Every structure is written in C-alpha cells, then in structure tokens.
file entry14.cif (mmCIF, C-alpha atoms (C1' of nucleotides))
data_model
#
loop_
_atom_site.label_atom_id
_atom_site.label_comp_id
_atom_site.auth_asym_id
_atom_site.auth_seq_id
_atom_site.Cartn_x
_atom_site.Cartn_y
_atom_site.Cartn_z
CA MET W 1 154.08 340.33 104.90
CA SER W 2 153.59 342.21 108.16
CA GLU W 3 156.31 343.72 110.32
CA PRO W 4 158.44 340.86 111.63
CA ARG W 5 158.48 340.11 115.34
CA TRP W 6 162.19 340.25 116.10
CA LEU W 7 163.59 338.28 119.00
CA ASN W 8 163.86 340.09 122.32
CA ALA W 9 167.04 339.94 124.37
CA GLU W 10 166.16 336.76 126.24
CA GLU W 11 165.01 334.98 123.12
CA GLN W 12 168.06 336.09 121.23
CA ARG W 13 170.30 334.80 124.00
CA ALA W 14 168.58 331.42 124.04
CA TRP W 15 168.60 331.09 120.29
CA ARG W 16 172.24 332.01 119.89
CA ALA W 17 173.31 329.73 122.72
CA TYR W 18 171.35 326.86 121.23
CA LEU W 19 172.74 327.56 117.78
CA GLU W 20 176.30 327.82 118.92
CA SER W 21 176.15 324.80 121.19
CA THR W 22 174.67 322.72 118.43
CA ILE W 23 177.31 323.67 115.91
CA LEU W 24 180.12 322.99 118.32
CA LEU W 25 178.60 319.77 119.54
CA PHE W 26 177.92 318.25 116.15
CA ASP W 27 181.30 319.26 114.87
CA ALA W 28 182.92 317.56 117.83
CA LEU W 29 180.83 314.40 117.55
CA ASP W 30 181.34 314.17 113.83
CA ARG W 31 185.08 314.55 114.17
CA GLN W 32 185.22 312.03 116.96
CA LEU W 33 183.33 309.41 114.98
CA GLN W 34 185.23 310.11 111.81
CA ARG W 35 188.53 309.79 113.62
CA GLU W 36 187.76 306.69 115.64
CA ALA W 37 185.37 304.81 113.40
CA GLY W 38 185.81 306.35 109.96
CA LEU W 39 182.18 307.26 109.48
CA PRO W 40 180.09 310.42 109.73
CA HIS W 41 177.43 310.76 112.37
CA THR W 42 174.55 310.21 109.95
CA TYR W 43 176.03 306.89 108.89
CA TYR W 44 176.49 305.91 112.49
CA GLU W 45 172.82 306.64 113.12
CA ILE W 46 171.86 304.40 110.24
CA LEU W 47 173.79 301.53 111.77
CA VAL W 48 172.25 302.22 115.18
CA ARG W 49 168.72 302.13 113.85
CA LEU W 50 169.33 298.95 111.92
CA SER W 51 170.91 297.31 114.94
CA GLU W 52 167.76 298.02 116.96
CA ALA W 53 165.37 296.70 114.34
CA SER W 54 164.10 293.13 114.37
CA ALA W 55 166.30 290.93 112.20
CA ARG W 56 168.52 294.03 111.96
CA THR W 57 166.51 294.90 108.90
CA LEU W 58 164.32 297.84 107.88
CA ARG W 59 162.60 299.07 104.78
CA MET W 60 164.46 301.97 103.22
CA SER W 61 161.53 304.27 103.85
CA GLU W 62 161.29 303.29 107.51
CA LEU W 63 165.00 303.78 107.90
CA ALA W 64 164.73 307.19 106.27
CA GLN W 65 162.04 308.21 108.73
CA ALA W 66 163.88 306.84 111.72
CA THR W 67 167.03 308.74 110.82
CA ARG W 68 165.13 311.84 109.69
CA SER W 69 166.90 311.63 106.41
CA SER W 70 165.71 312.25 102.87
CA ARG W 71 165.22 309.27 100.58
CA SER W 72 168.01 310.48 98.40
CA ARG W 73 170.47 310.90 101.21
CA LEU W 74 169.69 307.49 102.58
CA SER W 75 170.01 305.90 99.18
CA HIS W 76 173.49 307.34 98.70
CA ALA W 77 174.48 306.52 102.25
CA VAL W 78 173.34 302.92 102.10
CA ALA W 79 175.18 302.55 98.81
CA ARG W 80 178.40 303.58 100.56
CA LEU W 81 177.74 301.37 103.54
CA GLU W 82 177.05 298.49 101.20
CA GLU W 83 180.35 299.05 99.40
CA ARG W 84 182.10 298.65 102.72
CA GLY W 85 180.15 295.48 103.45
CA TRP W 86 178.38 296.86 106.53
CA VAL W 87 174.88 296.80 105.12
CA ARG W 88 173.23 294.49 102.62
CA ARG W 89 170.30 295.39 100.37
CA ARG W 90 167.55 292.89 99.62
CA ASP W 91 164.28 292.96 97.77
CA CYS W 92 161.07 293.25 99.72
CA ALA W 93 158.77 290.27 99.45
CA THR W 94 155.47 292.13 99.71
CA ASP W 95 156.17 295.21 97.61
CA ARG W 96 158.28 294.91 94.57
CA ARG W 97 159.26 298.58 94.73
CA GLY W 98 160.63 298.10 98.21
CA GLN W 99 164.16 297.51 99.39
CA LEU W 100 165.26 296.14 102.70
CA ALA W 101 168.47 297.25 104.34
CA GLU W 102 170.08 294.70 106.63
CA LEU W 103 172.98 295.27 108.97
CA THR W 104 175.71 292.69 108.35
CA ASP W 105 177.84 291.11 111.04
CA ALA W 106 180.72 293.26 109.89
CA GLY W 107 178.51 296.32 110.25
CA PHE W 108 177.46 295.28 113.70
CA ALA W 109 181.08 294.84 114.68
CA VAL W 110 181.89 298.34 113.46
CA LEU W 111 179.03 299.69 115.52
CA GLU W 112 180.13 297.81 118.62
CA ALA W 113 183.61 299.18 118.22
CA ALA W 114 182.42 302.75 117.68
CA ALA W 115 179.71 302.95 120.32
CA PRO W 116 181.78 303.32 123.51
CA GLY W 117 183.77 306.23 122.15
CA HIS W 118 180.67 307.89 120.84
CA VAL W 119 178.73 307.52 124.08
CA ALA W 120 181.70 308.85 125.98
CA ALA W 121 181.76 311.91 123.72
CA VAL W 122 178.04 312.50 124.20
CA ARG W 123 178.55 312.30 127.95
CA ARG W 124 181.55 314.55 127.92
CA HIS W 125 179.93 317.24 125.79
CA VAL W 126 176.33 317.11 126.92
CA ILE W 127 175.12 314.81 129.65
CA ASP W 128 177.87 315.35 132.18
CA ARG W 129 177.63 319.12 131.75
CA LEU W 130 173.99 319.23 132.80
CA ASP W 131 172.34 318.53 136.12
CA PRO W 132 169.36 316.13 136.33
CA ASP W 133 166.84 318.97 136.11
CA GLN W 134 168.46 320.20 132.94
CA ILE W 135 168.42 316.73 131.44
CA ALA W 136 164.66 316.62 131.95
CA GLN W 137 164.29 320.15 130.60
CA LEU W 138 166.28 319.29 127.52
CA ALA W 139 164.07 316.29 126.84
CA ALA W 140 160.94 318.43 127.15
CA ILE W 141 162.34 321.21 124.97
CA GLY W 142 163.51 318.78 122.30
CA GLU W 143 160.16 317.07 122.25
CA ALA W 144 158.34 320.37 121.91
CA ILE W 145 160.47 321.31 118.93
CA VAL W 146 159.99 317.90 117.33
CA ALA W 147 156.25 318.18 117.83
CA GLY W 148 156.26 321.57 116.17
CA ALA W 149 158.38 320.48 113.25
CA VAL W 150 155.80 318.06 111.98
CA GLU W 151 154.15 320.73 109.87
CA ASP W 152 156.27 323.09 107.82
CA MET A 1 189.50 301.82 127.93
CA SER A 2 187.19 300.90 130.83
CA GLU A 3 183.61 299.71 130.55
CA PRO A 4 181.60 302.53 128.96
CA ARG A 5 178.95 304.29 131.01
CA TRP A 6 175.90 303.89 128.79
CA LEU A 7 173.10 306.42 128.98
CA ASN A 8 170.24 305.62 131.33
CA ALA A 9 166.63 305.96 130.21
CA GLU A 10 166.25 309.62 131.10
CA GLU A 11 169.56 310.55 129.52
CA GLN A 12 168.75 308.56 126.43
CA ARG A 13 165.41 310.29 126.14
CA ALA A 14 166.97 313.72 126.44
CA TRP A 15 169.74 312.97 124.02
CA ARG A 16 167.49 311.50 121.36
CA ALA A 17 165.01 314.34 121.66
CA TYR A 18 167.79 316.88 121.37
CA LEU A 19 169.32 315.07 118.43
CA GLU A 20 166.06 314.69 116.59
CA SER A 21 164.88 318.21 117.24
CA THR A 22 168.17 319.59 116.02
CA ILE A 23 168.16 317.61 112.80
CA LEU A 24 164.58 318.58 112.04
CA LEU A 25 165.12 322.18 112.98
CA PHE A 26 168.26 322.75 110.98
CA ASP A 27 166.84 320.99 107.98
CA ALA A 28 163.79 323.22 108.12
CA LEU A 29 165.80 326.42 108.59
CA ASP A 30 168.24 325.51 105.87
CA ARG A 31 165.48 324.74 103.42
CA GLN A 32 163.64 327.92 104.32
CA LEU A 33 166.69 330.09 103.75
CA GLN A 34 167.67 328.27 100.59
CA ARG A 35 164.19 328.67 99.18
CA GLU A 36 163.62 332.28 100.10
CA ALA A 37 167.11 333.74 99.94
CA GLY A 38 169.15 331.24 97.98
CA LEU A 39 171.80 330.70 100.62
CA PRO A 40 172.58 328.05 103.21
CA HIS A 41 172.36 328.82 106.87
CA THR A 42 176.12 329.02 107.36
CA TYR A 43 176.37 331.68 104.66
CA TYR A 44 173.53 333.59 106.24
CA GLU A 45 175.40 333.57 109.55
CA ILE A 46 178.46 334.99 107.86
CA LEU A 47 176.43 337.89 106.53
CA VAL A 48 174.84 338.44 109.96
CA ARG A 49 178.19 338.61 111.72
CA LEU A 50 179.62 340.99 109.17
CA SER A 51 176.56 343.21 109.38
CA GLU A 52 177.06 343.52 113.14
CA ALA A 53 180.75 344.34 112.92
CA SER A 54 182.03 347.90 112.84
CA ALA A 55 182.46 349.08 109.26
CA ARG A 56 180.75 345.79 108.39
CA THR A 57 184.23 344.33 108.24
CA LEU A 58 186.04 341.54 110.06
CA ARG A 59 189.31 339.73 109.78
CA MET A 60 188.86 336.28 108.30
CA SER A 61 190.06 334.68 111.52
CA GLU A 62 187.63 336.70 113.64
CA LEU A 63 184.83 335.82 111.30
CA ALA A 64 185.76 332.16 111.49
CA GLN A 65 185.60 332.28 115.26
CA ALA A 66 182.34 334.18 115.33
CA THR A 67 180.66 331.69 113.02
CA ARG A 68 182.35 328.68 114.63
CA SER A 69 183.61 327.70 111.25
CA SER A 70 186.93 326.24 110.15
CA ARG A 71 189.35 328.46 108.28
CA SER A 72 188.94 326.30 105.25
CA ARG A 73 185.17 326.39 105.28
CA LEU A 74 185.14 330.12 105.69
CA SER A 75 187.64 330.60 102.91
CA HIS A 76 185.49 328.63 100.50
CA ALA A 77 182.33 330.33 101.68
CA VAL A 78 183.68 333.85 101.36
CA ALA A 79 184.93 332.99 97.89
CA ARG A 80 181.39 332.11 96.88
CA LEU A 81 179.91 335.16 98.55
CA GLU A 82 182.46 337.30 96.79
CA GLU A 83 181.53 335.80 93.42
CA ARG A 84 177.97 336.90 94.07
CA GLY A 85 179.12 340.36 95.04
CA TRP A 86 177.84 340.19 98.61
CA VAL A 87 181.22 340.32 100.30
CA ARG A 88 184.47 342.03 99.32
CA ARG A 89 187.94 340.90 100.38
CA ARG A 90 190.63 343.39 101.20
CA ASP A 91 194.18 343.24 102.49
CA CYS A 92 194.83 343.94 106.14
CA ALA A 93 196.94 347.02 106.79
CA THR A 94 198.69 345.80 109.94
CA ASP A 95 199.38 342.19 109.02
CA ARG A 96 200.29 341.29 105.52
CA ARG A 97 199.05 337.75 105.99
CA GLY A 98 195.62 339.00 106.96
CA GLN A 99 192.49 339.42 104.91
CA LEU A 100 189.47 341.54 105.71
CA ALA A 101 186.00 340.54 104.69
CA GLU A 102 183.56 343.39 104.16
CA LEU A 103 179.84 343.15 103.62
CA THR A 104 178.83 345.05 100.49
CA ASP A 105 175.63 347.04 100.10
CA ALA A 106 174.30 344.29 97.90
CA GLY A 107 175.11 341.77 100.62
CA PHE A 108 173.39 343.90 103.23
CA ALA A 109 170.32 344.12 101.03
CA VAL A 110 170.22 340.33 100.70
CA LEU A 111 170.42 340.04 104.45
CA GLU A 112 167.65 342.56 105.00
CA ALA A 113 165.46 340.68 102.59
CA ALA A 114 166.20 337.30 104.16
CA ALA A 115 166.01 338.23 107.83
CA PRO A 116 162.25 338.51 108.37
CA GLY A 117 161.53 335.11 106.90
CA HIS A 118 164.34 333.56 108.85
CA VAL A 119 163.29 335.08 112.16
CA ALA A 120 159.74 333.98 111.52
CA ALA A 121 160.97 330.44 110.97
CA VAL A 122 163.02 330.49 114.17
CA ARG A 123 159.95 331.69 116.04
CA ARG A 124 157.68 329.15 114.48
CA HIS A 125 159.98 326.21 115.11
CA VAL A 126 161.55 327.14 118.42
CA ILE A 127 160.65 330.26 120.33
CA ASP A 128 156.89 330.11 120.03
CA ARG A 129 156.87 326.45 121.01
CA LEU A 130 158.52 327.10 124.37
CA ASP A 131 157.28 328.95 127.42
CA PRO A 132 159.42 331.67 129.05
CA ASP A 133 160.89 329.25 131.57
CA GLN A 134 161.98 326.95 128.81
CA ILE A 135 163.57 329.83 126.90
CA ALA A 136 165.70 330.56 129.94
CA GLN A 137 166.49 326.88 130.42
CA LEU A 138 167.53 326.55 126.80
CA ALA A 139 169.89 329.48 127.15
CA ALA A 140 171.48 327.95 130.24
CA ILE A 141 171.78 324.51 128.66
CA GLY A 142 173.26 325.91 125.49
CA GLU A 143 175.77 327.94 127.41
CA ALA A 144 176.79 324.93 129.49
CA ILE A 145 177.44 322.91 126.36
CA VAL A 146 179.38 325.75 124.77
CA ALA A 147 181.48 326.12 127.90
CA GLY A 148 182.24 322.43 127.85
CA ALA A 149 183.13 322.35 124.18
CA VAL A 150 186.10 324.61 124.63
CA GLU A 151 188.42 321.71 125.27
CA ASP A 152 188.38 318.62 123.09
"C1'" DC T 1 221.00 338.75 112.12
"C1'" DG T 2 219.17 334.15 111.09
"C1'" DC T 3 216.29 330.57 111.34
"C1'" DA T 4 212.80 327.45 113.56
"C1'" DG T 5 208.36 327.42 114.72
"C1'" DT T 6 203.93 329.39 114.46
"C1'" DC T 7 200.06 331.91 112.43
"C1'" DG T 8 196.66 333.41 108.68
"C1'" DG T 9 194.77 332.04 104.91
"C1'" DT T 10 194.12 329.39 100.51
"C1'" DT T 11 193.77 325.39 97.62
"C1'" DG T 12 192.38 320.87 95.66
"C1'" DA T 13 190.76 316.32 96.21
"C1'" DG T 14 187.42 313.40 98.09
"C1'" DC T 15 183.17 312.79 100.37
"C1'" DT T 16 178.33 313.98 101.74
"C1'" DT T 17 174.11 316.34 100.84
"C1'" DT T 18 170.60 318.42 98.00
"C1'" DC T 19 167.64 318.97 94.20
"C1'" DA T 20 165.32 317.59 90.35
"C1'" DA T 21 164.54 314.20 87.28
"C1'" DC T 22 163.45 309.44 86.40
"C1'" DT T 23 161.91 304.35 86.67
"C1'" DA T 24 159.10 300.99 88.40
"C1'" DC T 25 155.35 299.63 90.89
"C1'" DC T 26 151.05 300.03 93.41
"C1'" DT T 27 146.06 301.70 94.05
"C1'" DC T 28 141.87 303.54 93.31
"C1'" DG T 29 138.01 304.96 90.63
"C1'" DC T 30 135.62 304.43 86.69
"C1'" DG Y 1 141.06 296.24 83.31
"C1'" DC Y 2 142.89 300.54 82.43
"C1'" DG Y 3 144.47 304.95 83.16
"C1'" DA Y 4 145.65 308.78 86.62
"C1'" DG Y 5 147.93 309.75 90.31
"C1'" DG Y 6 150.58 308.48 94.19
"C1'" DT Y 7 154.52 305.77 96.38
"C1'" DA Y 8 159.48 303.56 96.82
"C1'" DG Y 9 163.70 304.12 95.61
"C1'" DT Y 10 167.68 305.49 92.57
"C1'" DT Y 11 170.55 308.50 89.95
"C1'" DG Y 12 173.62 312.44 88.40
"C1'" DA Y 13 174.96 316.99 88.73
"C1'" DA Y 14 175.91 320.86 91.50
"C1'" DA Y 15 177.00 322.65 95.89
"C1'" DG Y 16 179.12 322.56 100.51
"C1'" DC Y 17 182.33 320.58 103.93
"C1'" DT Y 18 186.62 318.28 105.57
"C1'" DC Y 19 191.20 317.14 105.52
"C1'" DA Y 20 195.82 317.62 104.51
"C1'" DA Y 21 199.17 320.06 102.13
"C1'" DC Y 22 200.83 324.29 101.14
"C1'" DC Y 23 202.68 329.37 100.91
"C1'" DG Y 24 203.85 333.57 102.71
"C1'" DA Y 25 204.36 336.40 106.66
"C1'" DC Y 26 205.30 337.07 111.61
"C1'" DT Y 27 207.85 336.06 116.12
"C1'" DG Y 28 211.02 334.89 119.34
"C1'" DC Y 29 215.32 333.08 120.67
"C1'" DG Y 30 220.16 332.07 120.24
#
call {"tool": "encode", "arguments": {"input": "entry14.cif", "output": "structure tokens"}}
result
Amino acid sequence: MSEPRWLNAEEQRAWRAYLESTILLFDALDRQLQREAGLPHTYYEILVRLSEASARTLRMSELAQATRSSRSRLSHAVARLEERGWVRRRDCATDRRGQLAELTDAGFAVLEAAAPGHVAAVRRHVIDRLDPDQIAQLAAIGEAIVAGAVED
Amino acid sequence: MSEPRWLNAEEQRAWRAYLESTILLFDALDRQLQREAGLPHTYYEILVRLSEASARTLRMSELAQATRSSRSRLSHAVARLEERGWVRRRDCATDRRGQLAELTDAGFAVLEAAAPGHVAAVRRHVIDRLDPDQIAQLAAIGEAIVAGAVED
DNA sequence: CGCAGTCGGTTGAGCTTTCAACTACCTCGC
DNA sequence: GCGAGGTAGTTGAAAGCTCAACCGACTGCG
C-alpha cells in the first residue's frame, strides 16, 4: 500500500463539517420520531416507501433496495412492524421464495400522524438553514456521492 | 399545529439525495473500518479525538462533546476500548467525579494502522467525487446545519 | 453549616443492527 | 431432468445504542 493521500485543510474542514452535521442531524431526527411516533427513522422510511408503492405493497427485496437496507435488517424490521399491525406480509404469487410487504390502514394512519412533525424537523434542521443555491448544491453533492457508492 | 409546509420538488430532491448518500456512505465507511480494523466508526472517532488531545487524554465529558456522543454511549464505548487495552481510564485530580480517558500506545498503534485505509475510503466515496467548489459548498452546508442543531 | 439542585459518569434493560449460517426456491447448462 | 450455483428471505447470536434510573460529588444559597 502506497503512502496515503491525507486530506488537506479544506478537505478536512468539509469532511468534518459533513460528519458532524450528519451525526447531529440524524440524532435529532431519530429522537424526534421516536418521541412523537415511537419509531426509529429507518422504520419510518419503510412506511414511507410502502405508502408510495402501488397497492402500498412491495417485494421485500425491492423494499430493501429502496430503503438502502440489508435483507437481514429489513426482515427484522418488518417483523417488528408486523407485530404492531402496521405492515402485513403475504406470499408472492409469481415466485414462491418471495414475500410481499403491505402497509396496513393502521400503518398508514401512523405515517400520516408522524409525517408533519418529521417534515417540520427536516425543515428546521436542514432546509430552512440553507439558501436556494445551497439546496441545489446539496442535491448535486448527494447525487455525486450516491453515484460513487455504487461500487465498493 | 398548523398545516405542515411540505417540501417542494427541489427540496425533496436535495433531502432525499442527502439522506441516501449519507446512508450509503456511512454503511460503506463502517464496513470498511470493521473489516480492516475491527472497530465501528464511532469507536474510531474516539481514538482520533484522543490522539489529537494533549497527553492523548481527555475528560469523558469533553470526549463526549468532541465525538457528539451521549454520555451513556461513550461510557459503554470506552469500557469496550478499555477491555481491548486501547484506552485507559484514570481518576481526575481536580474533580473527584471526573474520569480521564487516555489513549494507550496499543490504541495509538491501532489508529495508525487503521487511518490510511479509512482516509482512502473517505477520498474514494466523498472527496474525489467532488470538485473544489463542491468541497467548499459542503463545508458551508455542514457548518450551517451544525449551527442550527445547537438548539432543539 | 446544611441541604437542594445540578453535574459527571455508570449501569442495566430493551431495542436495532450486523454477521454468518441456513432453508427454500429458481435457473441454466448439460 | 438433474445437479450446480445463484437468489429471496429468515434466523439467532453478538455487538452497539438509547433511555431511564441511579450514585457520588460539587455548588450555591439561605
């Protein structure tokens, strides 16, 4: 392994700011959702994705990809959500290995109740702290990182 | 509570890109560190902060602030790091409630071994995917979010 | 002084995540 | 068709995080 290219001052500043902001932000959002809706952010995302899907239903694997979650994590998470009656599991008609996750009415109601507070928190911590240029920059930066994360 | 201000298309795009990039990025960095150094990113950060402190020592509360971690989390984490011999706990001379955490030589060696791979991963996933303007923008955005996260 | 409130840190229980197996099913080539 | 290898999803154990309760030490005020 060759001599590592350390970060220069500007890069270091950007990286640390990004790191710190992310930790603070996710902590705040997680706490907010836990407090007001009783679920962690990853579970909230699962409900969001299901609510946007046709028939409020997705294959487990599609849901895992949409939420950027491992199969295992999703499996555990859906099990918990099912216990609470917010998601229902059903067999897939075309592939007997497959499972469909469907958002129940109760789950949708939970999401509807949680969404305003969550959006308000996102605004308060992120959107309203940035000017329109920065919003566009953030989108471009995020997309560049996502594009680069495909390989690993 | 009044009608929530939902995110418009641009805001939604920025938020989702940020969210997704962050999840992907932290997953990748965590896996990289776990694989190559056998520690999670939060533990790595603890070692980094201690290594930068004078006498490689910090009060637990200072360390908690520096790593943006809860007291409880830090307490558990330092306990694990101590078990592995990478950190040593000592009593504080001026405040009998206080505890000092000191990075051991073994801990420093672990950090030295882990750092190049970690920096390379940060470069690969973030820095090298952005142009110099974007690096500066990311720093400014991160700092704005940090500034806003002070209250809650 | 004395004591009420705060601060620094730890602990244990419960929950989420990860990792590595494991089962069941599908697919493709022979 | 049948076997090898890949795919979909689950499971259990181990690890980390959160929350609330807790203890001991400090601080400030009457």
call {"tool": "interface_residues", "arguments": {"input": "entry14.cif", "of": "chain A", "to": "chain T", "cutoff": "8 Å", "atoms": "only C-alpha atoms (C1' of nucleotides)", "output": "list of chain:residue names"}}
result
A:Ser61, A:Arg71, A:Ser72, A:Ser75, A:Arg97, A:Gly98, A:Gln99
call {"tool": "residues_near_point", "arguments": {"input": "entry14.cif", "point": "(164.3, 326.2, 119.2)", "cutoff": "7 Å", "atoms": "all atoms listed in the file", "output": "VMD selection string"}}
result
(chain W and resid 15 145) or (chain A and resid 122 125 to 127)
call {"tool": "resolve_selection", "arguments": {"input": "entry14.cif", "expression": "the PyMOL selection byres ((chain A) within 8 of (chain W))", "output": "PyMOL selection string"}}
result
chain A and resi 4-7+10-11+13-15+17-25+28+68+116+119-120+124-127+129-130+134-146+148-149+152
call {"tool": "atom_distance", "arguments": {"input": "entry14.cif", "atom1": "CA of Met60 in chain W", "atom2": "CA of Leu33 in chain W"}}
result
23.4 Å
call {"tool": "resolve_selection", "arguments": {"input": "entry14.cif", "expression": "the PyMOL selection byres ((chain Y) within 8 of (chain W))", "output": "PDB file with C-alpha atoms (C1' of nucleotides), in the frame of the given file"}}
result
ATOM      1  C1'  DA Y   8     159.480 303.560  96.820  1.00  0.00           C
ATOM      2  C1'  DG Y   9     163.700 304.120  95.610  1.00  0.00           C
ATOM      3  C1'  DT Y  10     167.680 305.490  92.570  1.00  0.00           C
TER       4       DT Y  10
END
call {"tool": "closest_residue", "arguments": {"input": "entry14.cif", "among": "W:Gln34, W:Arg49, W:Leu29, W:Thr57", "to": "DT18 in chain Y", "atoms": "all atoms listed in the file"}}
result
W:Gln34
call {"tool": "decode", "arguments": {"input": "entry14.cif", "residues": "range 8-28 of chain Y", "atoms": "N, CA and C atoms (P, O5', C5', C4', C3', O3' and C1' of nucleotides)", "output": "short mmCIF file (atom, residue, chain, number, x, y, z; two decimals), in the first residue's frame"}}
result
data_model
loop_
_atom_site.label_atom_id
_atom_site.label_comp_id
_atom_site.auth_asym_id
_atom_site.auth_seq_id
_atom_site.Cartn_x
_atom_site.Cartn_y
_atom_site.Cartn_z
P DA Y 8 -33.32 -12.07 -5.81
"O5'" DA Y 8 -34.10 -12.89 -4.68
"C5'" DA Y 8 -35.36 -13.46 -4.98
"C4'" DA Y 8 -36.10 -13.72 -3.68
"C3'" DA Y 8 -36.13 -12.54 -2.72
"O3'" DA Y 8 -37.45 -12.40 -2.22
"C1'" DA Y 8 -35.15 -14.43 -1.65
P DG Y 9 -37.80 -11.17 -1.25
"O5'" DG Y 9 -37.53 -11.85 0.14
"C5'" DG Y 9 -38.29 -13.02 0.49
"C4'" DG Y 9 -37.71 -13.66 1.72
"C3'" DG Y 9 -37.60 -12.76 2.95
"O3'" DG Y 9 -38.67 -13.09 3.82
"C1'" DG Y 9 -35.76 -14.27 2.73
P DT Y 10 -38.75 -12.53 5.28
"O5'" DT Y 10 -37.90 -13.62 6.08
"C5'" DT Y 10 -38.31 -14.99 6.00
"C4'" DT Y 10 -37.50 -15.82 6.97
"C3'" DT Y 10 -37.52 -15.32 8.42
"O3'" DT Y 10 -37.88 -16.43 9.23
"C1'" DT Y 10 -35.28 -15.69 7.70
P DT Y 11 -38.21 -16.16 10.76
"O5'" DT Y 11 -36.84 -16.57 11.47
"C5'" DT Y 11 -36.28 -17.86 11.26
"C4'" DT Y 11 -34.91 -17.93 11.89
"C3'" DT Y 11 -34.82 -17.35 13.29
"O3'" DT Y 11 -34.53 -18.41 14.20
"C1'" DT Y 11 -32.98 -16.66 11.94
P DG Y 12 -34.70 -18.28 15.73
"O5'" DG Y 12 -33.20 -18.06 16.21
"C5'" DG Y 12 -32.18 -18.95 15.72
"C4'" DG Y 12 -30.84 -18.57 16.31
"C3'" DG Y 12 -30.90 -17.98 17.72
"O3'" DG Y 12 -29.74 -18.43 18.41
"C1'" DG Y 12 -30.01 -16.36 16.23
P DA Y 13 -29.49 -18.08 19.92
"O5'" DA Y 13 -28.03 -17.42 19.84
"C5'" DA Y 13 -27.09 -17.92 18.89
"C4'" DA Y 13 -25.93 -16.95 18.76
"C3'" DA Y 13 -25.52 -16.25 20.06
"O3'" DA Y 13 -24.12 -16.07 20.03
"C1'" DA Y 13 -26.19 -14.64 18.48
P DA Y 14 -23.35 -15.57 21.33
"O5'" DA Y 14 -22.77 -14.18 20.84
"C5'" DA Y 14 -21.98 -14.14 19.65
"C4'" DA Y 14 -21.73 -12.70 19.26
"C3'" DA Y 14 -21.29 -11.79 20.42
"O3'" DA Y 14 -20.27 -10.94 19.93
"C1'" DA Y 14 -23.22 -10.91 19.40
P DA Y 15 -19.47 -9.99 20.94
"O5'" DA Y 15 -19.84 -8.53 20.43
"C5'" DA Y 15 -19.71 -8.24 19.05
"C4'" DA Y 15 -20.44 -6.97 18.74
"C3'" DA Y 15 -20.15 -5.85 19.74
"O3'" DA Y 15 -19.71 -4.72 19.03
"C1'" DA Y 15 -22.49 -6.10 19.39
P DG Y 16 -19.17 -3.46 19.84
"O5'" DG Y 16 -20.35 -2.41 19.64
"C5'" DG Y 16 -20.76 -2.08 18.34
"C4'" DG Y 16 -22.00 -1.22 18.38
"C3'" DG Y 16 -21.88 0.00 19.30
"O3'" DG Y 16 -22.26 1.14 18.54
"C1'" DG Y 16 -23.86 -1.23 19.77
P DC Y 17 -22.37 2.58 19.22
"O5'" DC Y 17 -23.91 2.66 19.56
"C5'" DC Y 17 -24.85 2.75 18.48
"C4'" DC Y 17 -26.21 3.08 19.05
"C3'" DC Y 17 -26.22 4.29 19.97
"O3'" DC Y 17 -27.21 5.20 19.50
"C1'" DC Y 17 -27.19 2.40 21.06
P DT Y 18 -27.60 6.49 20.41
"O5'" DT Y 18 -28.82 5.98 21.28
"C5'" DT Y 18 -29.93 5.38 20.63
"C4'" DT Y 18 -31.09 5.27 21.62
"C3'" DT Y 18 -31.27 6.51 22.51
"O3'" DT Y 18 -32.67 6.76 22.60
"C1'" DT Y 18 -30.90 4.59 23.85
P DC Y 19 -33.16 8.17 23.22
"O5'" DC Y 19 -34.01 7.73 24.50
"C5'" DC Y 19 -34.63 6.44 24.53
"C4'" DC Y 19 -34.83 6.03 25.97
"C3'" DC Y 19 -34.95 7.19 26.96
"O3'" DC Y 19 -36.22 7.11 27.61
"C1'" DC Y 19 -33.39 5.55 27.74
P DA Y 20 -36.68 8.29 28.60
"O5'" DA Y 20 -36.53 7.57 30.02
"C5'" DA Y 20 -36.83 6.18 30.12
"C4'" DA Y 20 -36.35 5.66 31.45
"C3'" DA Y 20 -36.49 6.65 32.61
"O3'" DA Y 20 -36.87 5.92 33.76
"C1'" DA Y 20 -34.24 6.00 32.40
P DA Y 21 -37.25 6.66 35.11
"O5'" DA Y 21 -36.17 6.01 36.11
"C5'" DA Y 21 -36.02 4.59 36.11
"C4'" DA Y 21 -34.74 4.25 36.83
"C3'" DA Y 21 -34.58 4.97 38.18
"O3'" DA Y 21 -34.25 4.01 39.17
"C1'" DA Y 21 -32.64 5.25 36.85
P DC Y 22 -34.23 4.43 40.71
"O5'" DC Y 22 -32.66 4.64 40.94
"C5'" DC Y 22 -31.77 3.57 40.63
"C4'" DC Y 22 -30.36 4.10 40.60
"C3'" DC Y 22 -29.96 4.95 41.81
"O3'" DC Y 22 -29.19 4.15 42.69
"C1'" DC Y 22 -29.04 5.75 39.75
P DC Y 23 -28.97 4.75 44.22
"O5'" DC Y 23 -27.43 5.10 44.26
"C5'" DC Y 23 -26.48 4.26 43.59
"C4'" DC Y 23 -25.19 5.03 43.50
"C3'" DC Y 23 -24.89 5.89 44.74
"O3'" DC Y 23 -23.56 5.68 45.14
"C1'" DC Y 23 -24.81 7.21 42.78
P DG Y 24 -23.09 6.09 46.64
"O5'" DG Y 24 -21.94 7.12 46.34
"C5'" DG Y 24 -20.97 6.84 45.34
"C4'" DG Y 24 -20.43 8.15 44.79
"C3'" DG Y 24 -20.02 9.15 45.88
"O3'" DG Y 24 -18.73 9.59 45.56
"C1'" DG Y 24 -21.47 10.17 44.31
P DA Y 25 -17.87 10.47 46.60
"O5'" DA Y 25 -17.90 11.88 45.87
"C5'" DA Y 25 -17.26 11.97 44.59
"C4'" DA Y 25 -17.64 13.28 43.97
"C3'" DA Y 25 -17.24 14.51 44.80
"O3'" DA Y 25 -16.62 15.42 43.93
"C1'" DA Y 25 -19.50 14.64 44.18
P DC Y 26 -15.78 16.64 44.54
"O5'" DC Y 26 -16.66 17.92 44.20
"C5'" DC Y 26 -16.55 18.46 42.90
"C4'" DC Y 26 -17.78 19.30 42.66
"C3'" DC Y 26 -17.74 20.71 43.27
"O3'" DC Y 26 -17.82 21.65 42.22
"C1'" DC Y 26 -19.85 19.67 43.56
P DT Y 27 -17.43 23.20 42.46
"O5'" DT Y 27 -18.71 23.95 41.83
"C5'" DT Y 27 -19.94 23.29 41.77
"C4'" DT Y 27 -21.08 24.24 42.08
"C3'" DT Y 27 -20.68 25.54 42.78
"O3'" DT Y 27 -21.54 26.55 42.28
"C1'" DT Y 27 -22.21 24.36 44.14
P DG Y 28 -21.16 28.13 42.41
"O5'" DG Y 28 -22.60 28.77 42.63
"C5'" DG Y 28 -23.78 28.01 42.34
"C4'" DG Y 28 -24.87 28.32 43.35
"C3'" DG Y 28 -24.71 29.66 44.06
"O3'" DG Y 28 -26.01 30.18 44.29
"C1'" DG Y 28 -24.74 27.97 45.66
#
